[in-house]
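Peer 1: Next up, coords_4.txt (compact mmCIF, C-alpha atoms).
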```
# COMPACT_ATOMS: atom_id res chain seq x y z
CA MET A 231 90.99 24.96 -18.80
CA GLU A 232 91.28 21.66 -17.23
CA ASP A 233 88.39 19.33 -17.01
CA ASP A 234 86.91 18.86 -13.62
CA PRO A 235 87.24 15.34 -12.56
CA THR A 236 83.81 15.43 -11.13
CA ASP A 237 82.49 16.38 -14.46
CA ARG A 238 83.86 13.15 -16.03
CA ALA A 239 81.24 10.52 -16.47
CA GLU A 240 82.06 6.95 -15.49
CA PRO A 241 81.49 4.42 -18.22
CA ARG A 242 78.46 2.21 -17.55
CA GLN A 243 77.91 -1.37 -18.57
CA VAL A 244 74.93 -1.88 -20.65
CA PRO A 245 72.99 -4.85 -19.25
CA THR A 246 72.58 -7.73 -21.56
CA PRO A 247 68.98 -8.22 -22.39
CA ALA A 248 67.45 -11.55 -21.34
CA PRO A 249 66.87 -13.91 -24.26
CA THR A 250 63.43 -14.08 -25.49
CA ALA A 251 61.33 -17.23 -25.51
CA LEU A 252 61.87 -17.63 -29.23
CA GLU A 253 65.60 -17.47 -28.80
CA ARG A 254 65.47 -20.03 -26.00
CA THR A 255 63.45 -22.33 -28.17
CA ALA A 256 65.92 -22.03 -30.98
CA ALA A 257 68.91 -22.64 -28.70
CA GLU A 258 67.51 -25.60 -26.73
CA PRO A 259 66.68 -28.79 -28.65
CA ASP A 260 63.17 -30.13 -28.39
CA ALA A 261 62.78 -33.19 -26.12
CA ALA A 262 60.94 -35.05 -28.86
CA THR A 263 63.70 -34.17 -31.28
CA ALA A 264 66.32 -35.25 -28.79
CA ASP A 265 64.64 -38.66 -28.48
CA LEU A 266 64.93 -39.14 -32.23
CA THR A 267 68.66 -38.78 -32.08
CA LEU A 268 70.25 -41.96 -33.43
CA ARG A 269 72.12 -43.98 -30.88
CA PRO A 270 74.75 -46.52 -31.78
CA ALA A 271 73.34 -50.05 -32.04
CA PRO A 272 74.56 -52.46 -29.36
CA VAL A 273 77.26 -54.79 -30.52
CA PRO A 274 75.95 -58.40 -30.38
CA LEU A 275 77.78 -60.67 -28.03
CA THR A 276 79.70 -63.44 -29.67
CA ARG A 277 78.43 -66.89 -28.51
CA PRO A 278 81.23 -69.11 -27.40
CA ALA A 279 81.62 -72.31 -29.31
CA ASP A 280 79.64 -75.19 -27.81
CA ARG A 281 82.10 -77.73 -26.59
CA HIS A 282 79.41 -80.42 -26.77
CA GLU A 283 78.80 -79.97 -30.49
CA PRO A 284 81.47 -82.52 -31.53
CA GLN A 285 80.09 -85.01 -29.03
CA ARG A 286 76.54 -84.65 -30.32
CA SER A 287 77.75 -84.99 -33.88
CA GLY A 288 79.70 -88.14 -33.00
CA ALA A 289 76.71 -89.65 -31.17
CA ALA A 290 74.45 -88.99 -34.16
CA THR A 291 76.97 -90.65 -36.49
CA LEU A 292 77.26 -93.65 -34.16
CA ALA A 293 73.46 -94.04 -33.99
CA PHE A 294 73.24 -93.79 -37.79
CA VAL A 295 75.77 -96.60 -38.20
CA ALA A 296 74.54 -98.78 -35.32
CA MET A 297 70.90 -98.95 -36.43
CA PRO A 298 71.53 -100.79 -39.76
CA LEU A 299 73.98 -103.10 -38.00
CA ALA A 300 71.34 -103.99 -35.40
CA VAL A 301 68.81 -104.74 -38.16
CA ILE A 302 71.34 -106.99 -39.93
CA VAL A 303 72.15 -108.88 -36.74
CA VAL A 304 68.45 -109.46 -35.92
CA ALA A 305 67.77 -110.63 -39.49
CA ALA A 306 70.72 -113.03 -39.36
CA LEU A 307 69.51 -114.51 -36.05
CA LEU A 308 65.99 -114.95 -37.43
CA ILE A 309 67.26 -116.68 -40.59
CA ASN A 310 69.46 -118.96 -38.50
CA TRP A 311 66.53 -119.87 -36.22
CA LEU A 312 64.23 -120.61 -39.18
CA THR A 313 66.90 -122.74 -40.86
CA SER A 314 67.60 -124.77 -37.73
CA SER A 315 63.86 -125.26 -37.06
CA ALA A 316 63.26 -126.47 -40.63
CA GLY A 317 66.20 -128.87 -40.44
CA GLN A 318 65.02 -130.61 -37.30
CA GLY A 319 62.71 -133.50 -38.07
CA PRO A 320 60.23 -135.06 -35.67
CA ARG A 321 61.48 -137.79 -33.39
CA ALA A 322 59.47 -140.84 -32.45
CA ALA A 323 59.14 -141.55 -28.75
CA ASP A 324 61.63 -144.14 -27.59
CA ALA A 325 60.72 -147.01 -25.36
CA THR A 326 62.33 -150.35 -24.54
CA PRO A 327 60.38 -153.06 -26.33
CA ALA A 328 59.31 -156.30 -24.71
CA ARG A 329 61.02 -159.48 -25.85
CA GLY A 330 59.71 -162.98 -26.30
CA GLU A 331 56.34 -164.60 -25.91
CA GLY A 332 53.80 -163.40 -23.35
CA GLN A 333 55.75 -160.47 -21.97
CA ALA A 334 53.86 -157.33 -20.97
CA ALA A 335 53.97 -154.31 -23.29
CA THR A 336 56.07 -151.29 -22.46
CA THR A 337 54.25 -147.98 -22.41
CA ALA A 338 55.68 -144.50 -22.87
CA SER A 339 54.51 -141.38 -21.07
CA ALA A 340 55.02 -139.26 -24.18
CA GLY A 341 53.89 -140.44 -27.58
CA PRO A 342 55.23 -139.70 -31.06
CA THR A 343 55.08 -136.19 -32.40
CA SER A 344 52.12 -134.99 -34.44
CA ARG A 345 54.07 -136.02 -37.52
CA PRO A 346 55.42 -139.53 -36.88
CA PRO A 347 57.87 -141.02 -39.40
CA GLY A 348 56.44 -142.21 -42.68
CA PRO A 349 57.90 -144.67 -45.22
CA GLY A 350 61.61 -143.98 -45.55
CA GLY A 351 61.51 -141.50 -42.67
CA PHE A 352 63.39 -142.89 -39.67
CA GLY A 353 63.05 -146.33 -41.28
CA ASN A 354 59.29 -146.81 -40.82
CA LEU A 355 58.17 -149.65 -43.05
CA VAL A 356 54.44 -148.98 -42.63
CA ALA A 357 53.14 -146.88 -45.53
CA ASN A 358 49.65 -146.21 -44.12
CA TRP A 359 50.70 -145.76 -40.49
CA SER A 360 48.19 -143.08 -39.34
CA PHE A 361 45.06 -143.77 -41.44
CA GLU A 362 44.76 -140.15 -42.50
CA ARG A 363 43.08 -140.89 -45.86
CA ASP A 364 41.95 -144.50 -45.89
CA LEU A 365 42.69 -148.02 -44.65
CA SER A 366 44.65 -149.20 -47.67
CA GLY A 367 47.09 -152.05 -47.10
CA TRP A 368 45.34 -153.31 -43.95
CA GLN A 369 43.07 -156.35 -43.59
CA VAL A 370 40.42 -156.98 -40.94
CA LEU A 371 40.57 -159.98 -38.64
CA GLY A 372 37.50 -161.63 -37.10
CA PRO A 373 33.85 -160.60 -37.19
CA ALA A 374 34.25 -156.82 -37.26
CA ASP A 375 33.74 -153.72 -39.33
CA VAL A 376 36.63 -151.28 -39.91
CA SER A 377 36.37 -147.54 -40.56
CA ARG A 378 38.29 -144.31 -40.03
CA GLU A 379 37.68 -142.44 -36.79
CA PRO A 380 38.36 -138.65 -36.76
CA GLN A 381 40.08 -138.80 -33.38
CA GLY A 382 43.68 -139.96 -33.55
CA HIS A 383 46.41 -140.15 -30.95
CA THR A 384 48.18 -137.02 -32.18
CA SER A 385 47.15 -137.07 -35.83
CA GLY A 386 43.78 -136.34 -37.36
CA SER A 387 42.31 -139.84 -37.49
CA SER A 388 42.71 -143.47 -36.50
CA ALA A 389 41.41 -146.92 -37.47
CA LEU A 390 38.29 -148.09 -35.63
CA ILE A 391 37.49 -151.83 -35.44
CA GLN A 392 33.98 -152.61 -34.15
CA ALA A 393 32.91 -156.13 -33.21
CA ARG A 394 29.66 -157.31 -34.79
CA GLY A 395 29.45 -161.00 -33.91
CA PRO A 396 26.71 -162.37 -31.69
CA GLN A 397 29.33 -163.63 -29.26
CA PRO A 398 32.53 -161.99 -27.95
CA GLY A 399 35.33 -162.75 -30.36
CA ARG A 400 38.84 -161.95 -31.53
CA ILE A 401 39.01 -158.91 -33.80
CA GLY A 402 41.78 -156.71 -35.16
CA LEU A 403 43.97 -155.69 -38.10
CA VAL A 404 46.80 -157.35 -40.01
CA LEU A 405 49.42 -155.82 -42.33
CA PRO A 406 50.85 -158.59 -44.53
CA LYS A 407 54.57 -158.66 -45.38
CA VAL A 408 55.44 -155.38 -43.69
CA ALA A 409 59.06 -156.61 -43.86
CA ALA A 410 59.95 -158.82 -46.81
CA SER A 411 62.99 -161.04 -47.37
CA VAL A 412 64.12 -160.86 -43.75
CA ARG A 413 67.47 -162.57 -43.18
CA PRO A 414 68.53 -164.46 -40.08
CA GLY A 415 69.85 -162.21 -37.33
CA GLU A 416 67.91 -159.14 -38.47
CA ARG A 417 65.93 -157.44 -35.70
CA TYR A 418 62.64 -155.57 -36.17
CA VAL A 419 60.71 -153.42 -33.70
CA ALA A 420 56.97 -152.68 -34.01
CA SER A 421 54.78 -150.29 -32.01
CA ALA A 422 51.22 -148.97 -32.08
CA TRP A 423 48.94 -146.73 -30.01
CA VAL A 424 45.63 -148.28 -28.93
CA ARG A 425 42.53 -147.51 -26.89
CA SER A 426 39.09 -149.14 -26.60
CA SER A 427 35.52 -148.37 -25.66
CA ALA A 428 35.80 -150.87 -22.80
CA PRO A 429 38.67 -150.11 -20.37
CA GLY A 430 40.93 -153.03 -19.51
CA GLN A 431 40.67 -154.65 -22.95
CA GLN A 432 43.55 -157.06 -23.66
CA VAL A 433 45.38 -156.10 -26.87
CA VAL A 434 48.05 -158.28 -28.55
CA LEU A 435 50.72 -157.00 -30.97
CA ARG A 436 52.60 -159.65 -33.01
CA LEU A 437 55.35 -159.85 -35.58
CA VAL A 438 54.83 -163.19 -37.28
CA GLY A 439 56.86 -164.95 -39.97
CA THR A 440 55.71 -166.90 -42.99
CA ASP A 441 53.29 -169.72 -42.04
CA GLY A 442 53.61 -168.66 -38.41
CA LYS A 443 56.88 -170.56 -37.98
CA GLN A 444 58.48 -167.77 -36.01
CA SER A 445 56.90 -164.87 -34.18
CA ALA A 446 57.10 -162.48 -31.24
CA ARG A 447 54.19 -161.01 -29.33
CA THR A 448 53.38 -158.64 -26.47
CA THR A 449 50.16 -157.88 -24.58
CA ALA A 450 48.85 -154.62 -23.12
CA THR A 451 45.69 -153.52 -21.34
CA THR A 452 43.81 -150.47 -22.59
CA LEU A 453 43.42 -147.49 -20.26
CA PRO A 454 40.15 -145.94 -19.02
CA GLY A 455 38.41 -143.15 -20.88
CA LEU A 456 40.00 -141.63 -23.96
CA ALA A 457 43.61 -142.31 -22.89
CA TRP A 458 45.89 -143.97 -25.43
CA ARG A 459 48.45 -146.65 -24.61
CA ARG A 460 51.51 -147.66 -26.60
CA VAL A 461 52.26 -151.32 -27.32
CA ILE A 462 55.78 -152.37 -28.42
CA VAL A 463 57.24 -155.70 -29.58
CA ASP A 464 60.53 -156.76 -31.19
CA HIS A 465 61.61 -159.84 -33.13
CA THR A 466 64.96 -161.21 -34.30
CA ALA A 467 64.67 -163.53 -37.29
CA THR A 468 66.08 -167.04 -36.95
CA ALA A 469 65.58 -168.01 -40.61
CA PRO A 470 64.78 -166.29 -43.92
CA THR A 471 61.14 -165.15 -43.83
CA ASP A 472 58.62 -162.41 -44.51
CA LEU A 473 57.22 -160.66 -41.45
CA SER A 474 53.59 -159.59 -41.05
CA LEU A 475 52.13 -157.37 -38.32
CA GLU A 476 49.01 -158.32 -36.35
CA LEU A 477 47.16 -156.23 -33.75
CA THR A 478 44.18 -157.94 -32.12
CA ALA A 479 41.88 -157.77 -29.11
CA GLU A 480 40.54 -160.90 -27.47
CA ALA A 481 36.93 -161.61 -26.43
CA VAL A 482 35.47 -158.31 -27.66
CA ALA A 483 31.72 -158.01 -27.11
CA ALA A 484 29.40 -157.07 -29.98
CA GLY A 485 29.35 -153.31 -30.51
CA ALA A 486 32.59 -152.70 -28.58
CA THR A 487 35.40 -150.97 -30.44
CA LEU A 488 39.20 -151.00 -30.65
CA LEU A 489 41.06 -147.95 -32.00
CA VAL A 490 44.56 -148.11 -33.52
CA ASP A 491 46.85 -145.28 -34.59
CA GLU A 492 50.46 -144.44 -35.51
CA VAL A 493 51.77 -147.91 -36.29
CA ILE A 494 55.55 -148.07 -36.76
CA VAL A 495 57.78 -150.96 -37.84
CA ARG A 496 61.54 -150.38 -38.02
CA ARG A 497 64.59 -152.51 -38.54
CA GLY A 498 67.27 -152.40 -35.88
```
With the file now loaded, output its structure as structure tokens.

Peer 2:
Amino acid sequence: MEDDPTDRAEPRQVPTPAPTALERTAAEPDAATADLTLRPAPVPLTRPADRHEPQRSGAATLAFVAMPLAVIVVAALLINWLTSSAGQGPRAADATPARGEGQAATTASAGPTSRPPGPGGFGNLVANWSFERDLSGWQVLGPADVSREPQGHTSGSSALIQARGPQPGRIGLVLPKVAASVRPGERYVASAWVRSSAPGQQVVLRLVGTDGKQSARTTATTLPGLAWRRVIVDHTATAPTDLSLELTAEAVAAGATLLVDEVIVRRG
């Protein structure tokens, strides 16, 4: 007996059951867990070599070498300046001296330095030329008193001669034998700075030989106030002699004063 085709049952597909929540949870990773997944670290970028590095290094080396050189150069210049300053001595002010009897004195606008030449320096024959300590070597002329005055021309003091006679008279200073054993033809130049309490005072500077047989003199007038004036005279010997220096003021009234400073006598 043959089977009836209608009696044959058609195969049916069994539906797949939907996954449960637990199965979905197990199959799908948790978001929090997914965030913890390690990711590869970024590869750091390689910094290109700085092309200015050699230049900076060279500049630093140059500065390191240049600084000591600059210090050496400055020190050398300073030493050179100090050496040249120490080697330069003071120079006396130059002026053309008057010649012969009765000629007017020559004055200079600028006087000697604060350290005029002493004995042996620039040929000055006057040992006590600026009266800084005392009046040794000098002698007073006429009725007068002599003392040191703490106001010199450029130095600290000067010699002050004050007349004390009842009548105006001739007063001053003399330096005996400032030049000894002078031979014929030798020339000597003398100078001094003077001022007085009475402006217009006539002052005479002389170089005089032994017994007054030969001499040269010049006359100057003192300036007003505290201004100093330079008096200069020169003498050329005509015979062997000793020369003395005289500086005097004529007709000085009692109490009036004459001040003298920086006396220089030189040969030549």

Peer 1: In Å, with one decimal, what is the gap from atom CA of Thr466 of chain A to atom CA of Arg413 of chain A?

Peer 2: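 Atom-to-atom, atom CA of Thr466 of chain A and atom CA of Arg413 of chain A are spaced 9.3 Å apart.
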
Peer 1: Any idea what the distance is between atom CA of Glu362 of chain A and atom CA of Ser427 of chain A?

Peer 2: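 A separation of 20.9 Å between them.
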
Peer 1: Give as a list in words the set of residues within 9 Å of the point (56.5, -157.5, -45.3), where distances use the file's coordinates and all atoms listed in the file.

Peer 2: Leu355, Leu405, Pro406, Lys407, Val408, Ala409, Ala410, Ser411, Val412, Asp472, Leu473, Ser474 and Leu475 of chain A

Peer 1: Would you mind reading off the distance between atom CA of Pro373 of chain A and atom CA of Arg400 of chain A, one decimal, in Å?

Peer 2: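 Rounded to one decimal, the two atoms are 7.7 Å apart.
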
Peer 1: I need every residue sitting at most 12 Å from the point (43.1, -146.9, -19.4) (coordinates as in the file, all atoms listed in the file considered), written as a list in words.

Peer 2: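 Result, sorted by chain then residue number: Thr337, Val424, Arg425, Ser426, Ser427, Ala428, Pro429, Gly430, Gln431, Gln432, Ala450, Thr451, Thr452, Leu453, Pro454, Gly455, Leu456, Ala457, Trp458, Arg459 and Arg460 of chain A.
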
Peer 1: For segment 415-417 of chain A, list every protein, DNA or RNA residue within 8 Å, evaluated using only C-alpha atoms, and leave out those in the same chain fewer than 4 positions away; present the list as a PDB file with C-alpha atoms, in the frame of the given file.

Peer 2:
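What landed in around_5.pdb:
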```pdb
ATOM      1  CA  ASP A 464      60.530-156.760 -31.190  1.00  0.00           C
ATOM      2  CA  HIS A 465      61.610-159.840 -33.130  1.00  0.00           C
ATOM      3  CA  THR A 466      64.960-161.210 -34.300  1.00  0.00           C
ATOM      4  CA  ALA A 467      64.670-163.530 -37.290  1.00  0.00           C
ATOM      5  CA  THR A 468      66.080-167.040 -36.950  1.00  0.00           C
ATOM      6  CA  ALA A 469      65.580-168.010 -40.610  1.00  0.00           C
ATOM      7  CA  ARG A 497      64.590-152.510 -38.540  1.00  0.00           C
ATOM      8  CA  GLY A 498      67.270-152.400 -35.880  1.00  0.00           C
TER       9      GLY A 498
END
```

Peer 1: I need the residue nearest Val461 of chain A from this list: A:Gly353, A:Ala420, A:Ser360, A:Thr440. Use all atoms listed in the file for the distance.

Peer 2: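 Using all atoms listed in the file, the shortest distance to Val461 of chain A belongs to A:Ala420.
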